[in-house]
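Q: I'd like to ask you about the structure that follows.
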Amino acid sequence: MGSPLDSSTHESGPRPAYADWIQPTRVAGHLYTDARVFREEVERVFDGGWLFLAHESEIAEPGELVTRRLGLRPVLLTRDEHGKIHGFANRCPHRGAAVCARSRGRARILRCPYHGWSFALGGELIGVPHPDGFGPGWKREDHGLDPVPRLASYRGFLFGSWNAQVRDLVSHLGRAVEMIDRLCDLSPQGELSVRAGWLQHRVRANWKILAENVCDFYHPAPTHASSPLPGAFFDDATGAVNRALGDGHGEMDIRPALTRREPRPLDSLRGPEREHVLALARRDGEARAVRRYLAGPPHGLIFPNLFIAGQNLFVFHPMSAGETSHHQTPVFYTGAPDALRVRHLRRFEGASGPAGFLEPDDAAVWERVQRGFEAGESDWALLERGSGREVGSGSAREGRMLDETAARGFWRHYLALMTGAAARG
Amino acid sequence: MSERAADLLLARLRVEQFLYREARLMDERSYDAWESLWTDDGVYWVPANGEDTDPERDVSLVYDNRARLTTRIARLKSEKAHSQDPPSRLVRVVSNVEIETSEPEYRVHSTFVLVESRPDRRVTWAARVAHHLRPESEALRIAFKKVVLVDNDQELTSLDFLL
């Protein structure tokens with residue numbers, strides 16, 4: 001792929017006018033297509049803030065490692081022999097070669113293939129062939145792998161930032177922590193396992209089209225007409241809430257719809273589902289366990305590019321203004337019956353990934369949106385539904401199920417970041 | 001020609017003919033005819049992230065039992081899938097057919113190269129395929145099919161047709 005940053009020939013248009021282009025209920029098409037917007041948002045949104053990197057269980061064992069993207073830049077995540085997690089720019093500090101070429105693996109040391117510099121899993125330079133002649137002040141200790149400036153976890157969700165001054169992770173997550181808590185607390189042990197691997201889908205659409213889409217329950221009935229989704233479910237009358245959580249995070253809270261639709265007591269559950277609830281009940285008591293189970297996992301966006309899609313994690317990586325790499329993986333509840341794990345794996349595959357039943361139709365629509373805006377000079381995307389009846393004020397607001405409240409909240413925060421009105425991250 | 005040689009040759013012709021026909025049915029989107037090639041307990045598997053993955057632990061692009069396969073076909077036949085509006089046009093070449101065993105069912109290796117054409121793109125897909133073909137009342141039926149795409153560990157575009 002070409003670097004999105006060298007497309008300077010496309011930057012001859014007007015300077016991005018974010019305050020004009022992002023209005024309360026509509027946003028300009030340029031925001032999805034303009035190369036300068038892309039360059040600036042990589043700098044301010046992606047390099048300036050916290051981004052989800054991995055779940056800690058992906059590198060559960062000492063010696064395990066994965067490579068990821070943090071914004072546009074490749075990083076290497078390791079767990080050292082003492083169990084500590086590290087994140088580095090995936091680049092040898094000597095001449096810049098990627099130290100690890102695999103997406104996932106196991107190692108005791110990391111050795112650059114170019115001149116053989118080798119590094120401990122904690123990043124220290126431990127071996128230099130022919131170590132003489134580097135100059136009088138040269139010290140091995142100064143030439144370890146470049147750490148990602150900030151790395152922090154919340155309940156196993158590992159985030160990183162290129163911005164050393166970024167505020168702390170929990171402040172960034174704000175009210176969105178409740179979504180992570182809900183997901184983790186569905187595990188009898190309060191822990192998740194994310195080790196099934198990721199599906200990767202390349203989409204010709206700007207990443208913000210995905211960000212707007214994930215809390216949009218106005219779209220499923222028409223977009224997913226090819227799948228037998230319960231049509232009556234996608235209706236304001238269910239009582240579900242489309243919620244802007246502040247800081248750009250958003251939530252599609254379907255708990256009111258689910259608990260109303262399925263008043264199933266523990267007695268009605270059978271097999272592994274019953275075992276799961278009983279395991280939760282040993283920790284939470286029966287009433288809370290049943291409520292937790294019926295409410296299910298959350299659906300929401302953690303700004304800017306992590307979607308907790310029920311019992312799955314979706315991450316959309318920006319590649320260029322017009323391309324996004326959509327990564328998806330299922331999540332399993334540690335301590336829940338094994339039969340549920342396999343059942344969920346099949347459910348995940350039925351919906352997600354390049355060959356799922358939902359993802360390709362979403363992608364087809366996202367790509368149509370992108371093509372539409374690439375063709376026009378002054379088009380707008382409208383985000384009006386429910387704007388006149390939102391409850392709440394400031395950045396946290398609530399609307400009805402089919403309202404575009406969360407998408408408006410996303411754009412409010414994006415605008416604040418792009419104009420310097422909000423702290424990055 | 002010995003009787004044994006003649007049997008081997010006939011078996012090869014039978015298997016090859018089956019694979020070519022299956023390929024044409026997929027390219028032509030003859031969904032019902034393709035579905036009728038499957039046994040009732042057939043498994044259609046397109047692994048992700050390698051070829052020796054465990055479908056009970058690792059994500060697959062597709063892991064369809066017979067019921068899921070029927071759902072997949074019903075969705076494609078509905079003509080409501082936006083990802084197939086218009087449908088991908090497909091041509092595949094099947095080759096390198098190798099019969100590993102023939103009893104109690106044929107275990108067959110093959111390869112394909114497939115070109116998908118859409119209004120905004122042309123995509124080349126390539127894979128190694130394993131078929132388990134079970135003789136059922138004179139005809140062969142697919143009891144198991146595993147399609148290992150050469151780039152199944154990379155980013156892929158939508159894969160909303162049959163492999």
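Labels used: A, B, ... for chains in the order of the structure tokens, numbers from 1 for residues in each chain, and numbers from 1 for ligands as shown.
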What residues in chain A lie within 9 Å of chain B, counting only C-alpha atoms, written as a VMD selection string?

A: chain A and resid 195 to 203 223 to 228 325 to 327 329 to 330 341 to 342 345 to 346 348 to 350 352 to 357 359 to 365

Q: Write out as a PyMOL selection string all residues of chain B that DSSP puts in strand (DSSP E) for this structure's backbone.

A: chain B and resi 38-47+60-64+89-101+106-118+121-136+139-149

Q: Would you mind listing what lies within 7 Å of segment 126-133 of chain A as an NGL selection string, with only C-alpha atoms counted and same-chain residues fewer than 6 positions away left out?

A: :A and (116-120)

Q: Would you list, as a list in words, the residues of segment 105-150 of chain A that end up in helix (DSSP H, G or I) under DSSP run on this structure's backbone?

A: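 Helix (DSSP H, G or I) assignments inside segment 105-150 of chain A correspond to Arg140, Glu141, Asp142 and His143 of chain A.
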
Q: Name the residues in contact with segment 132-137 of chain B at a cut-off of 6 Å, using only C-alpha atoms, excluding same-chain residues fewer than 3 positions from it; report them as a ChimeraX atom specification.

A: /B:105-107,140-144

Q: Kindly export the residues of the current selection with N, CA, C and O atoms, as a compact mmCIF listing (two decimals), in the first residue's frame.

A:
```txt
# COMPACT_ATOMS: atom_id res chain seq x y z
N GLU B 105 -14.32 -43.27 0.71
CA GLU B 105 -14.77 -42.15 -0.11
C GLU B 105 -13.53 -41.56 -0.75
O GLU B 105 -12.41 -41.79 -0.29
N TYR B 106 -13.72 -40.82 -1.81
CA TYR B 106 -12.57 -40.19 -2.45
C TYR B 106 -12.07 -39.02 -1.61
O TYR B 106 -12.87 -38.19 -1.17
N ARG B 107 -10.76 -38.99 -1.41
CA ARG B 107 -10.15 -37.81 -0.81
C ARG B 107 -9.29 -37.19 -1.90
O ARG B 107 -8.35 -37.84 -2.39
N LEU B 140 -21.63 -38.91 -6.84
CA LEU B 140 -20.73 -38.46 -5.80
C LEU B 140 -21.37 -37.28 -5.07
O LEU B 140 -22.06 -36.47 -5.68
N ARG B 141 -21.11 -37.22 -3.76
CA ARG B 141 -21.61 -36.10 -2.97
C ARG B 141 -20.45 -35.54 -2.14
O ARG B 141 -19.59 -36.30 -1.70
N ILE B 142 -20.51 -34.24 -1.89
CA ILE B 142 -19.44 -33.60 -1.09
C ILE B 142 -19.77 -33.79 0.38
O ILE B 142 -20.77 -33.27 0.87
N ALA B 143 -18.90 -34.54 1.07
CA ALA B 143 -19.09 -34.71 2.51
C ALA B 143 -18.25 -33.70 3.30
O ALA B 143 -18.55 -33.41 4.47
N PHE B 144 -17.22 -33.17 2.65
CA PHE B 144 -16.32 -32.24 3.33
C PHE B 144 -15.57 -31.48 2.25
O PHE B 144 -15.14 -32.06 1.26
```
